[in-house]
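Worksheet: the structure to be examined is printed underneath.
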Amino acid sequence: MKDAIVIKPSLADQVKNAMIHGRVIFFSAPCGFGKTTTAWALLEGKKVYFAAAGEPGFRLPLLRETWDVLLLDQLQNLPEEEQEPLCELIRRSPNRRFFLLSRGTPPGWLIHFQFSGLMLVLDARALLFDRDSTAKLLRLMGGDPTDLEVTAIQRESLGYPLAVAMIGREMANGSPYSPEIDAKVRRELYIHYETAVYRRFDLPIRRFLLEISPFTTFDIELARMVTGDSAVGEVIDWLQRNTSMLQYDGIQRFHFWDIFRNFLQWEMDREYTPKKQRAIFDRGGLYYELNGQSALALECYTKAGDHAKVSDLLTRNAECHPGTGHYEEMERYYRALPEEEILASPALMQAMCMLCALEMEYEESERWYQTLADFAARCERTDAARKQARSRLAWLDIALPQRGVTGLIDTIPKVFRLLTNREIALPPFSVTSMQPSILNGGKDFSAWSKKDDLLYQTIRLPVEAVLGKDGVGLPDCAIAESKFEQGEDVSTRMLALMSKLNDIHRRGTPDIEFAVVGMLVRYQTSVGRALDARTTLESLRKRFVEVNEERFLPNIDAMLCRIDLREGELVAVGDWYRDKAPKDQIHLQTMKRYQYLTQAMAEIALGNSRAALLTLAALEPYFTACQRHIDGIHLHLLTAIARHRLKDETWSQALCQALDTAAEYHFLRPVSCYGASILPLLERCGWAGDPAFLKQSVAYARVQAANYPDFLRLRLSPAESLTSTELQVLKLLCADRSNAEIGAILDIKLATVKSHVSHILQKLGVKRRSEAKTVAEELWLL
């Protein structure tokens with residue numbers, strides 16, 4: 001078993017480089033990560049002076065003694081009086097190397113070596129096994145695991161070296177990997193932790209570790225509230241100095257290594273009674289509730305068995321509109337409520353009605369609406385519950401996404417009269433649902449754009465009164481958007497709207513502020529000022545972070561991605577797609593529709609049109625059911641582009657569908673904003689609609705194509721790129737020159753011309769010369 005040692009190639013390369021260019025290699029990892037074993041393996045063939053700090057007879061080597069490398073284990077136990085001598089030894093030994101192993105992080109007295117580039121710090125992540133290393137160790141130990149077994153072991157062990165070695169020992173006799181082996185190894189591992197690590201801590205440290213272990217991440221405030229220890233910061237500082245089990249994410253939050261956290265929870269089940277554990281979760285729930293993290297608070301209260309607090313929190317969440325509420329995160333808690341409890345509360349009935357709507361369960365949503373209406377009808381006129389129920393019905397009349405906007409022209413004045421007579425009191429609204437738009441926010445108001453001037457004059461005051469803070473600046477932003485989408489010059493309106501931004505910021509809501517800024521960004525982008533648009537967005541993002549309005553950040557980041565798309569910044573687009581795109585078509589979250597559409601754009605730009613079609617297909621039923629016309633235009637345009645890239649001839653049907661809707665409302669901008677990517681399709685789609693609208697769309701698209709020629713640009717893969725000679729041949733071919741003429745112009749043989757033409761057609765994915773010209777134009781190769 002002595003030879004059963006595996007070193008990851010990446011780790012070996014890092015250490016080799018540090019041995020050449022540096023002087024100190026610092027391993028920082030908890031117990032069981034194989035620091036000492038790894039170090040000895042890496043130093044094979046070297047003259048090593050080994051010492052373990054804090055052990056009897058410990059001393060540092062002398063300069064005059066013969067050694068190449070100092071291997072110093074348990075550095076966290078090094079006496080203070082030995083710290084400076086060690087530093088001096090490192091300074092005076094440029095040709096020697098120092099391997100320092102510690103369960104703690106690098107101490108401050110060594111940091112200057114790291115800053116000067118002389119010390120490489122390797123944490124536990126560097127020592128974790130990858131899948132190949134896991135398989136190699138298992139085979140070295142005498143096992144013969146299958147690929148499926150290696151995958152399962154890697155998943156369960158998380159690549160933790162000691163766990164992999166213990167599993168390898170169990171499989172060395174030919175036993176297959178099984179849940180029984182996993183359970184046995186886990187228990188042995190926990191017992192090892194208990195004796196080698198946990199029992200060596202003082203009681204206050206042990207108590208802290210147990211009581212904070214139920215929480216995936218924590219900050220000092222949570223730790224203080226859960227443990228009741230005002231000096232908890234000192235405990236955390238001690239753990240960071242003397243161990244590396246506690247990880248810091250750089251924004252004041254900490255977490256344990258998963259395998260050690262699992263051990264602590266195992267230990268807590270042995271030491272703490274269920275009652276005491278429930279008390280810990282109850283205190284954690286209070287922390288999350290006070291900090292507005294309702295979903296986490298619910299999780300804690302549920303584990304604490306505190307049904308009263310669960311019910312109270314769900315009721316208070318029902319007071320929120322979808323933009324600030326946590327309906328989707330709390331769905332399982334709402335659905336777990338006894339129906340009789342919901343039926344006794346107008347707030348909970350309202351919440352169920354909206355929750356079902358957000359989950360696209362429209363029949364169930366309408367059932368809860370009717371249940372609430374029946375409740376209101378049964379109440380006496382003097383019953384306070386009647387006023388509450390009617391208030392929530394009025395809120396739902398305006399807010400339910402499946403209701404559309406046709407009836408709102410009558411509903412809003414009616415609600416205004418009820419408010420004026422104090423017959424109802426409305427819960428908070430959001431007309432944007434965190435979208436950067438009024439016209440296409442909580443609802444799609446395309447139908448109102450047909451008579452926007454009249455509605456602005458007649459319904460502006462009732463809207464402002466009904467919506468309260470959310471009405472500040474709303475009418476002016478809405479009409480500016482309406483005119484903008486119809487292709488009008490809105491520069492004068494934008495100046496007026498910007499003059500109201502301070503008032504919106506002071507008296508209104510962040511939702512309207514985001515909608516106004518979103519309108520400004522779209523305007524700046526449309527006139528070719530993408531850099532200004534980016535600056536505007538980044539400024540708003542910074543402000544929202546400062547005031548803790550982080551619910552808007554995902555859509556702001558998606559807007560920034562759309563600017564990157566326009567400018568052809570595919571690296572940034574790829575980063576957003578990898579790290580921030582929703583990517584969940586199975587459980588569509590309707591509040592993320594702006595991000596889903598951005599995801600489809602990114603997929604097309606990154607060359608994955610099939611993925612884009614899957615993303616768009618998931619959105620279509622929702623856009624249709626909730627009459628989201630503007631979103632539908634974008635969906636069908638992107639579908640047309642994606643299908644065309646896949647050579648699916650039905651692309652023209654999708655494009656004609658988009659044009660039908662756009663023409664009905666005279667929305668030029670949603671079509672033309674796709675510029676170069678949609679322009680050749682507009683010219684060939686054969687749409688039988690209004691020729692004047694199509695002509696305008698083409699003209700506007702040409703402007704955007706000039707501003708952003710790389711937006712969703714079709715690109716050849718590196719393997720398909722044309723050579724310089726092939727590009728010359730292509731340009732002559734597209735100028736309708738014959739093969740003989742091309743040969744004469746370029747002074748090459750006819751057979752060579754034919755070979756070039758064949759390669760060009762193959763790379764462009766076409767069969768005929770006429771098709772090559774079309775694709776070349778779409779690729780901007782001419």
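Labels for the structure tokens follow display order: chains A, B, ..., residues from 1 in each chain, ligands from 1.
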
Run DSSP on the backbone and tell me which residues of region 444-528 of chain A come out as helix (DSSP H, G or I); list them as a PyMOL selection string.
chain A and resi 446-449+452-471+474-485+491-499+501-507+510-526

Neighbour list for Trp687 (chain A) as a PDB file with C-alpha atoms, in the first residue's frame, cut-off 12 Å, only C-alpha atoms, skip fewer than 4 positions in-chain:
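Okay, result-v1.pdb is ready:
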```
ATOM      1  CA  TRP A 651     -38.369  30.223 -40.783  1.00  0.00           C
ATOM      2  CA  SER A 652     -40.524  32.428 -43.019  1.00  0.00           C
ATOM      3  CA  GLN A 653     -43.697  31.316 -41.222  1.00  0.00           C
ATOM      4  CA  ALA A 654     -42.286  32.424 -37.864  1.00  0.00           C
ATOM      5  CA  LEU A 655     -41.124  35.731 -39.333  1.00  0.00           C
ATOM      6  CA  CYS A 656     -44.516  36.412 -40.940  1.00  0.00           C
ATOM      7  CA  GLN A 657     -46.172  35.672 -37.593  1.00  0.00           C
ATOM      8  CA  ALA A 658     -43.929  38.263 -35.922  1.00  0.00           C
ATOM      9  CA  LEU A 659     -44.676  40.810 -38.660  1.00  0.00           C
ATOM     10  CA  ASP A 660     -48.441  40.233 -38.374  1.00  0.00           C
ATOM     11  CA  ALA A 663     -47.909  45.553 -37.924  1.00  0.00           C
ATOM     12  CA  LEU A 681     -34.834  37.547 -43.965  1.00  0.00           C
ATOM     13  CA  LEU A 682     -37.161  40.564 -44.157  1.00  0.00           C
ATOM     14  CA  GLU A 683     -36.208  41.010 -47.791  1.00  0.00           C
ATOM     15  CA  PRO A 691     -45.909  46.846 -47.694  1.00  0.00           C
ATOM     16  CA  ALA A 692     -45.360  50.293 -46.147  1.00  0.00           C
ATOM     17  CA  PHE A 693     -44.748  48.740 -42.718  1.00  0.00           C
ATOM     18  CA  LEU A 694     -42.336  46.209 -44.201  1.00  0.00           C
ATOM     19  CA  LYS A 695     -40.487  48.968 -46.059  1.00  0.00           C
TER      20      LYS A 695
END
```

I'd like the contact shell of Gly305 (chain A) - 9 Å cut-off, only C-alpha atoms, skipping same-chain residues fewer than 4 positions apart - returned as a PyMOL selection string.
chain A and resi 278+282+300-301+310

Give me a file of those residues, with all heavy atoms, as a PDB file, in the first residue's frame.
```pdb
ATOM      1  N   ARG A 278     -34.350  22.184  17.431  1.00  0.00           N
ATOM      2  CA  ARG A 278     -35.451  23.033  16.952  1.00  0.00           C
ATOM      3  C   ARG A 278     -35.247  24.479  17.379  1.00  0.00           C
ATOM      4  O   ARG A 278     -35.553  25.417  16.628  1.00  0.00           O
ATOM      5  CB  ARG A 278     -36.792  22.494  17.453  1.00  0.00           C
ATOM      6  CG  ARG A 278     -37.235  21.216  16.750  1.00  0.00           C
ATOM      7  CD  ARG A 278     -38.714  20.935  16.989  1.00  0.00           C
ATOM      8  NE  ARG A 278     -38.986  20.687  18.401  1.00  0.00           N
ATOM      9  CZ  ARG A 278     -38.964  19.502  18.974  1.00  0.00           C
ATOM     10  NH1 ARG A 278     -38.641  18.427  18.234  1.00  0.00           N
ATOM     11  NH2 ARG A 278     -39.233  19.333  20.253  1.00  0.00           N
ATOM     12  N   ASP A 282     -35.115  27.799  15.042  1.00  0.00           N
ATOM     13  CA  ASP A 282     -36.018  28.901  15.324  1.00  0.00           C
ATOM     14  C   ASP A 282     -35.259  30.225  15.355  1.00  0.00           C
ATOM     15  O   ASP A 282     -35.711  31.228  14.794  1.00  0.00           O
ATOM     16  CB  ASP A 282     -36.734  28.666  16.661  1.00  0.00           C
ATOM     17  CG  ASP A 282     -38.129  29.252  16.666  1.00  0.00           C
ATOM     18  OD1 ASP A 282     -38.796  29.207  15.619  1.00  0.00           O
ATOM     19  OD2 ASP A 282     -38.540  29.778  17.715  1.00  0.00           O
ATOM     20  N   CYS A 300     -36.203  27.377   7.896  1.00  0.00           N
ATOM     21  CA  CYS A 300     -35.803  27.200   9.296  1.00  0.00           C
ATOM     22  C   CYS A 300     -37.012  26.973  10.196  1.00  0.00           C
ATOM     23  O   CYS A 300     -37.005  26.081  11.054  1.00  0.00           O
ATOM     24  CB  CYS A 300     -35.012  28.423   9.771  1.00  0.00           C
ATOM     25  SG  CYS A 300     -33.335  28.495   9.144  1.00  0.00           S
ATOM     26  N   TYR A 301     -38.052  27.778  10.018  1.00  0.00           N
ATOM     27  CA  TYR A 301     -39.244  27.631  10.868  1.00  0.00           C
ATOM     28  C   TYR A 301     -39.904  26.271  10.664  1.00  0.00           C
ATOM     29  O   TYR A 301     -40.445  25.680  11.602  1.00  0.00           O
ATOM     30  CB  TYR A 301     -40.241  28.752  10.583  1.00  0.00           C
ATOM     31  CG  TYR A 301     -39.835  30.098  11.135  1.00  0.00           C
ATOM     32  CD1 TYR A 301     -40.133  31.281  10.457  1.00  0.00           C
ATOM     33  CD2 TYR A 301     -39.173  30.208  12.357  1.00  0.00           C
ATOM     34  CE1 TYR A 301     -39.780  32.522  10.967  1.00  0.00           C
ATOM     35  CE2 TYR A 301     -38.804  31.445  12.866  1.00  0.00           C
ATOM     36  CZ  TYR A 301     -39.111  32.591  12.164  1.00  0.00           C
ATOM     37  OH  TYR A 301     -38.756  33.816  12.674  1.00  0.00           O
ATOM     38  N   VAL A 310     -44.636  29.952  10.304  1.00  0.00           N
ATOM     39  CA  VAL A 310     -44.715  29.645   8.875  1.00  0.00           C
ATOM     40  C   VAL A 310     -45.948  30.297   8.268  1.00  0.00           C
ATOM     41  O   VAL A 310     -45.887  30.983   7.244  1.00  0.00           O
ATOM     42  CB  VAL A 310     -44.745  28.121   8.642  1.00  0.00           C
ATOM     43  CG1 VAL A 310     -45.103  27.798   7.192  1.00  0.00           C
ATOM     44  CG2 VAL A 310     -43.399  27.499   8.997  1.00  0.00           C
TER      45      VAL A 310
END
```

So which residues touch Leu246 (chain A) within 12 Å, counting only C-alpha atoms, skipping near sequence neighbours fewer than 6 positions away, as an MDAnalysis selection string?
chainID A and resid 28:30 103:105 123:124 209 212:213 216:219 235:240 253:261

Please produce a file of those selected residues containing N, CA, C and O atoms, as a tab-separated table (two decimals), in the first residue's frame.
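What landed in selection37.tsv:
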```
chain	number	residue	atom	x	y	z
A	28	SER	N	-2.28	24.43	2.76
A	28	SER	CA	-3.27	24.79	3.78
A	28	SER	C	-4.52	23.94	3.54
A	28	SER	O	-5.24	24.14	2.57
A	29	ALA	N	-4.76	22.97	4.44
A	29	ALA	CA	-5.91	22.08	4.27
A	29	ALA	C	-6.25	21.41	5.59
A	29	ALA	O	-5.37	21.22	6.44
A	30	PRO	N	-7.53	21.05	5.79
A	30	PRO	CA	-7.92	20.35	7.02
A	30	PRO	C	-7.33	18.95	7.07
A	30	PRO	O	-6.69	18.47	6.13
A	103	ARG	N	-2.89	23.19	9.06
A	103	ARG	CA	-4.35	23.08	9.03
A	103	ARG	C	-4.99	24.47	8.99
A	103	ARG	O	-6.21	24.59	8.84
A	104	GLY	N	-4.19	25.50	9.18
A	104	GLY	CA	-4.69	26.86	9.17
A	104	GLY	C	-4.31	27.59	7.89
A	104	GLY	O	-3.65	27.04	7.00
A	105	THR	N	-4.74	28.83	7.80
A	105	THR	CA	-4.40	29.66	6.64
A	105	THR	C	-3.00	30.25	6.84
A	105	THR	O	-2.47	30.23	7.96
A	123	ASP	N	-4.39	25.53	-1.38
A	123	ASP	CA	-5.40	25.20	-0.39
A	123	ASP	C	-5.99	23.82	-0.66
A	123	ASP	O	-5.52	23.09	-1.54
A	124	ALA	N	-7.01	23.46	0.09
A	124	ALA	CA	-7.57	22.11	0.00
A	124	ALA	C	-8.07	21.77	-1.39
A	124	ALA	O	-8.04	20.61	-1.80
A	209	LEU	N	-19.25	25.24	16.62
A	209	LEU	CA	-19.26	24.43	15.40
A	209	LEU	C	-20.57	23.69	15.23
A	209	LEU	O	-21.14	23.63	14.12
A	212	ILE	N	-23.70	26.19	14.49
A	212	ILE	CA	-23.71	26.90	13.22
A	212	ILE	C	-23.74	25.95	12.03
A	212	ILE	O	-24.03	26.34	10.89
A	213	SER	N	-23.51	24.64	12.26
A	213	SER	CA	-23.41	23.68	11.17
A	213	SER	C	-24.70	23.49	10.37
A	213	SER	O	-24.64	23.11	9.19
A	216	THR	N	-25.89	26.53	5.65
A	216	THR	CA	-24.97	26.34	4.53
A	216	THR	C	-23.90	27.43	4.50
A	216	THR	O	-22.72	27.16	4.33
A	217	THR	N	-24.33	28.67	4.65
A	217	THR	CA	-23.41	29.79	4.78
A	217	THR	C	-23.88	30.65	5.96
A	217	THR	O	-25.06	30.60	6.34
A	218	PHE	N	-22.98	31.44	6.51
A	218	PHE	CA	-23.37	32.30	7.63
A	218	PHE	C	-22.44	33.50	7.70
A	218	PHE	O	-21.33	33.49	7.15
A	219	ASP	N	-22.93	34.54	8.34
A	219	ASP	CA	-22.08	35.69	8.66
A	219	ASP	C	-22.02	35.83	10.17
A	219	ASP	O	-22.63	35.04	10.91
A	235	VAL	N	-14.20	33.66	18.08
A	235	VAL	CA	-14.18	32.22	17.76
A	235	VAL	C	-13.88	32.02	16.28
A	235	VAL	O	-13.05	31.17	15.90
A	236	ILE	N	-14.55	32.81	15.42
A	236	ILE	CA	-14.33	32.69	13.97
A	236	ILE	C	-12.89	33.04	13.63
A	236	ILE	O	-12.25	32.37	12.81
A	237	ASP	N	-12.37	34.10	14.24
A	237	ASP	CA	-10.97	34.48	13.99
A	237	ASP	C	-10.02	33.34	14.37
A	237	ASP	O	-9.07	33.04	13.65
A	238	TRP	N	-10.29	32.70	15.52
A	238	TRP	CA	-9.42	31.60	15.96
A	238	TRP	C	-9.47	30.44	14.97
A	238	TRP	O	-8.44	29.86	14.62
A	239	LEU	N	-10.68	30.11	14.51
A	239	LEU	CA	-10.82	29.02	13.55
A	239	LEU	C	-10.10	29.33	12.25
A	239	LEU	O	-9.48	28.45	11.64
A	240	GLN	N	-10.16	30.58	11.80
A	240	GLN	CA	-9.47	30.94	10.56
A	240	GLN	C	-7.96	30.89	10.70
A	240	GLN	O	-7.25	30.52	9.77
A	253	ARG	N	-19.19	36.30	4.31
A	253	ARG	CA	-19.92	35.07	4.58
A	253	ARG	C	-18.94	33.90	4.63
A	253	ARG	O	-17.93	33.88	3.92
A	254	PHE	N	-19.26	32.93	5.49
A	254	PHE	CA	-18.39	31.79	5.71
A	254	PHE	C	-19.16	30.49	5.41
A	254	PHE	O	-20.38	30.46	5.46
A	255	HIS	N	-18.39	29.44	5.12
A	255	HIS	CA	-19.00	28.12	5.01
A	255	HIS	C	-17.94	27.05	5.31
A	255	HIS	O	-16.73	27.30	5.20
A	256	PHE	N	-18.41	25.88	5.73
A	256	PHE	CA	-17.52	24.76	6.00
A	256	PHE	C	-17.32	23.94	4.72
A	256	PHE	O	-18.16	23.95	3.83
A	257	TRP	N	-16.21	23.21	4.68
A	257	TRP	CA	-16.11	22.16	3.67
A	257	TRP	C	-17.28	21.20	3.85
A	257	TRP	O	-17.63	20.85	4.98
A	258	ASP	N	-17.88	20.78	2.75
A	258	ASP	CA	-19.10	19.98	2.83
A	258	ASP	C	-18.93	18.74	3.71
A	258	ASP	O	-19.79	18.41	4.53
A	259	ILE	N	-17.81	18.05	3.53
A	259	ILE	CA	-17.64	16.79	4.25
A	259	ILE	C	-17.50	17.03	5.76
A	259	ILE	O	-17.96	16.24	6.58
A	260	PHE	N	-16.89	18.16	6.14
A	260	PHE	CA	-16.77	18.46	7.56
A	260	PHE	C	-18.10	18.96	8.12
A	260	PHE	O	-18.46	18.64	9.26
A	261	ARG	N	-18.85	19.69	7.32
A	261	ARG	CA	-20.18	20.14	7.77
A	261	ARG	C	-21.09	18.93	7.99
A	261	ARG	O	-21.86	18.88	8.96
```

Who sits within 12 Å of region 455-462 of chain A, only C-alpha atoms, same chain under 6 positions skipped, as an MDAnalysis selection string:
chainID A and resid 408:420 445 447:449 468 471:480 482

Let me see the file: selected residues, C-alpha atoms, as a tab-separated table (two decimals), in the first residue's frame.
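Contents of the output file selection35.tsv:
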```
chain	number	residue	atom	x	y	z
A	408	LEU	CA	-58.46	47.54	-17.25
A	409	ILE	CA	-59.78	50.69	-18.91
A	410	ASP	CA	-63.02	50.07	-16.98
A	411	THR	CA	-61.43	48.41	-13.93
A	412	ILE	CA	-59.02	51.20	-12.97
A	413	PRO	CA	-61.66	53.99	-12.72
A	414	LYS	CA	-63.88	51.58	-10.75
A	415	VAL	CA	-61.07	50.79	-8.32
A	416	PHE	CA	-60.27	54.52	-8.13
A	417	ARG	CA	-63.85	55.23	-6.99
A	418	LEU	CA	-63.69	52.44	-4.38
A	419	LEU	CA	-60.42	53.86	-3.05
A	420	THR	CA	-61.85	57.37	-2.95
A	445	PHE	CA	-50.08	47.08	-22.76
A	447	ALA	CA	-53.52	47.29	-26.97
A	448	TRP	CA	-53.32	50.69	-25.26
A	449	SER	CA	-50.67	51.90	-27.71
A	468	GLY	CA	-49.66	55.17	-5.45
A	471	GLY	CA	-47.72	55.60	-10.37
A	472	VAL	CA	-45.04	58.30	-9.99
A	473	GLY	CA	-43.62	58.83	-13.48
A	474	LEU	CA	-45.48	55.85	-14.92
A	475	PRO	CA	-47.72	57.61	-17.50
A	476	ASP	CA	-44.84	59.62	-18.98
A	477	CYS	CA	-42.61	56.56	-19.23
A	478	ALA	CA	-45.43	54.48	-20.73
A	479	ILE	CA	-46.27	56.93	-23.51
A	480	ALA	CA	-42.58	57.45	-24.31
A	482	SER	CA	-45.31	53.44	-26.83
```

Please provide as a PyMOL selection string all residues within 12 Å of Lys483 (chain A), with the sequence filter that same-chain residues fewer than 4 positions apart are discarded (counting only C-alpha atoms).
chain A and resi 439+446+448-453+476-479+487-494+519+523+665-669

Could you save those same residues with C-alpha atoms as a compact mmCIF listing (two decimals), in the first residue's frame?
```txt
# COMPACT_ATOMS: atom_id res chain seq x y z
CA LEU A 439 -45.42 48.79 -21.87
CA SER A 446 -49.75 46.87 -26.55
CA TRP A 448 -53.32 50.69 -25.26
CA SER A 449 -50.67 51.90 -27.71
CA LYS A 450 -53.33 52.18 -30.42
CA LYS A 451 -54.86 55.12 -28.55
CA ASP A 452 -52.01 56.09 -26.28
CA ASP A 453 -52.54 59.89 -26.51
CA ASP A 476 -44.84 59.62 -18.98
CA CYS A 477 -42.61 56.56 -19.23
CA ALA A 478 -45.43 54.48 -20.73
CA ILE A 479 -46.27 56.93 -23.51
CA GLY A 487 -40.64 54.13 -34.42
CA GLU A 488 -41.18 57.77 -33.54
CA ASP A 489 -38.37 60.13 -32.55
CA VAL A 490 -38.66 60.31 -28.76
CA SER A 491 -35.62 62.50 -28.04
CA THR A 492 -37.79 65.34 -26.68
CA ARG A 493 -39.85 62.94 -24.57
CA MET A 494 -36.65 61.41 -23.17
CA MET A 519 -36.28 53.11 -21.71
CA TYR A 523 -33.12 54.78 -26.78
CA TYR A 665 -49.66 47.72 -33.30
CA HIS A 666 -47.22 49.44 -35.70
CA PHE A 667 -44.28 48.26 -33.56
CA LEU A 668 -41.24 48.91 -35.74
CA ARG A 669 -38.55 48.75 -33.05
```

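Closest approach to Pro709 (chain A) among A:Ile678, A:Leu78, A:Ala385, A:Val164 is made by A:Ile678 (distances from only C-alpha atoms).
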
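Listed by chain and then by rising number, the residues of region 14-165 of chain A that DSSP assigns to strand (DSSP E or B) from the backbone are Val24, Ile25, Phe26, Phe27, Ser28, Val48, Tyr49, Phe50, Ala51, Ala52, Val69, Leu70, Leu71, Leu72, Asp73, Arg97, Phe98, Phe99, Leu100, Leu101, Ser102, Met119, Leu120, Val121, Leu122 and Asp123 of chain A.
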
For the residues in that selection, give me N, CA and C atoms as a compact mmCIF listing (two decimals), in the first residue's frame.
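Now in selection-v1.txt:
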```txt
# COMPACT_ATOMS: atom_id res chain seq x y z
N VAL A 24 9.05 28.87 -1.22
CA VAL A 24 8.20 28.27 -0.20
C VAL A 24 6.93 27.73 -0.85
N ILE A 25 6.56 26.50 -0.49
CA ILE A 25 5.26 25.92 -0.88
C ILE A 25 4.47 25.70 0.39
N PHE A 26 3.33 26.35 0.48
CA PHE A 26 2.50 26.32 1.69
C PHE A 26 1.24 25.52 1.40
N PHE A 27 1.08 24.37 2.07
CA PHE A 27 -0.14 23.58 1.96
C PHE A 27 -1.07 23.94 3.10
N SER A 28 -2.28 24.43 2.76
CA SER A 28 -3.27 24.79 3.78
C SER A 28 -4.52 23.94 3.54
N VAL A 48 15.72 15.72 2.61
CA VAL A 48 14.65 16.39 3.35
C VAL A 48 14.96 16.40 4.84
N TYR A 49 14.80 17.60 5.44
CA TYR A 49 14.84 17.72 6.91
C TYR A 49 13.39 17.83 7.36
N PHE A 50 12.90 16.84 8.08
CA PHE A 50 11.50 16.82 8.51
C PHE A 50 11.38 17.24 9.97
N ALA A 51 10.39 18.08 10.26
CA ALA A 51 10.10 18.49 11.64
C ALA A 51 8.61 18.74 11.76
N ALA A 52 8.06 18.41 12.94
CA ALA A 52 6.64 18.67 13.23
C ALA A 52 6.57 19.67 14.37
N VAL A 69 15.62 20.42 1.38
CA VAL A 69 14.25 20.88 1.61
C VAL A 69 13.90 20.72 3.08
N LEU A 70 13.29 21.78 3.65
CA LEU A 70 12.71 21.67 4.99
C LEU A 70 11.23 21.32 4.83
N LEU A 71 10.82 20.19 5.35
CA LEU A 71 9.41 19.80 5.37
C LEU A 71 8.91 20.00 6.79
N LEU A 72 8.16 21.09 6.99
CA LEU A 72 7.70 21.47 8.33
C LEU A 72 6.21 21.22 8.43
N ASP A 73 5.83 20.23 9.23
CA ASP A 73 4.43 19.85 9.40
C ASP A 73 3.84 20.59 10.60
N ARG A 97 14.55 24.82 -0.47
CA ARG A 97 13.10 24.98 -0.58
C ARG A 97 12.44 24.58 0.73
N PHE A 98 11.25 25.15 0.95
CA PHE A 98 10.56 24.98 2.23
C PHE A 98 9.12 24.55 1.97
N PHE A 99 8.76 23.38 2.44
CA PHE A 99 7.39 22.88 2.37
C PHE A 99 6.77 23.07 3.75
N LEU A 100 5.79 23.96 3.85
CA LEU A 100 5.13 24.26 5.12
C LEU A 100 3.71 23.72 5.07
N LEU A 101 3.40 22.83 6.00
CA LEU A 101 2.08 22.18 6.02
C LEU A 101 1.30 22.66 7.23
N SER A 102 0.05 23.08 7.00
CA SER A 102 -0.73 23.65 8.10
C SER A 102 -2.20 23.35 7.93
N MET A 119 6.38 32.60 -2.32
CA MET A 119 5.60 31.54 -1.67
C MET A 119 4.34 31.22 -2.46
N LEU A 120 4.20 29.94 -2.81
CA LEU A 120 2.98 29.45 -3.46
C LEU A 120 2.07 28.86 -2.38
N VAL A 121 0.82 29.33 -2.34
CA VAL A 121 -0.15 28.82 -1.37
C VAL A 121 -1.11 27.87 -2.09
N LEU A 122 -1.17 26.65 -1.62
CA LEU A 122 -2.09 25.65 -2.17
C LEU A 122 -3.10 25.28 -1.09
N ASP A 123 -4.39 25.53 -1.38
CA ASP A 123 -5.40 25.20 -0.39
C ASP A 123 -5.99 23.82 -0.66
```
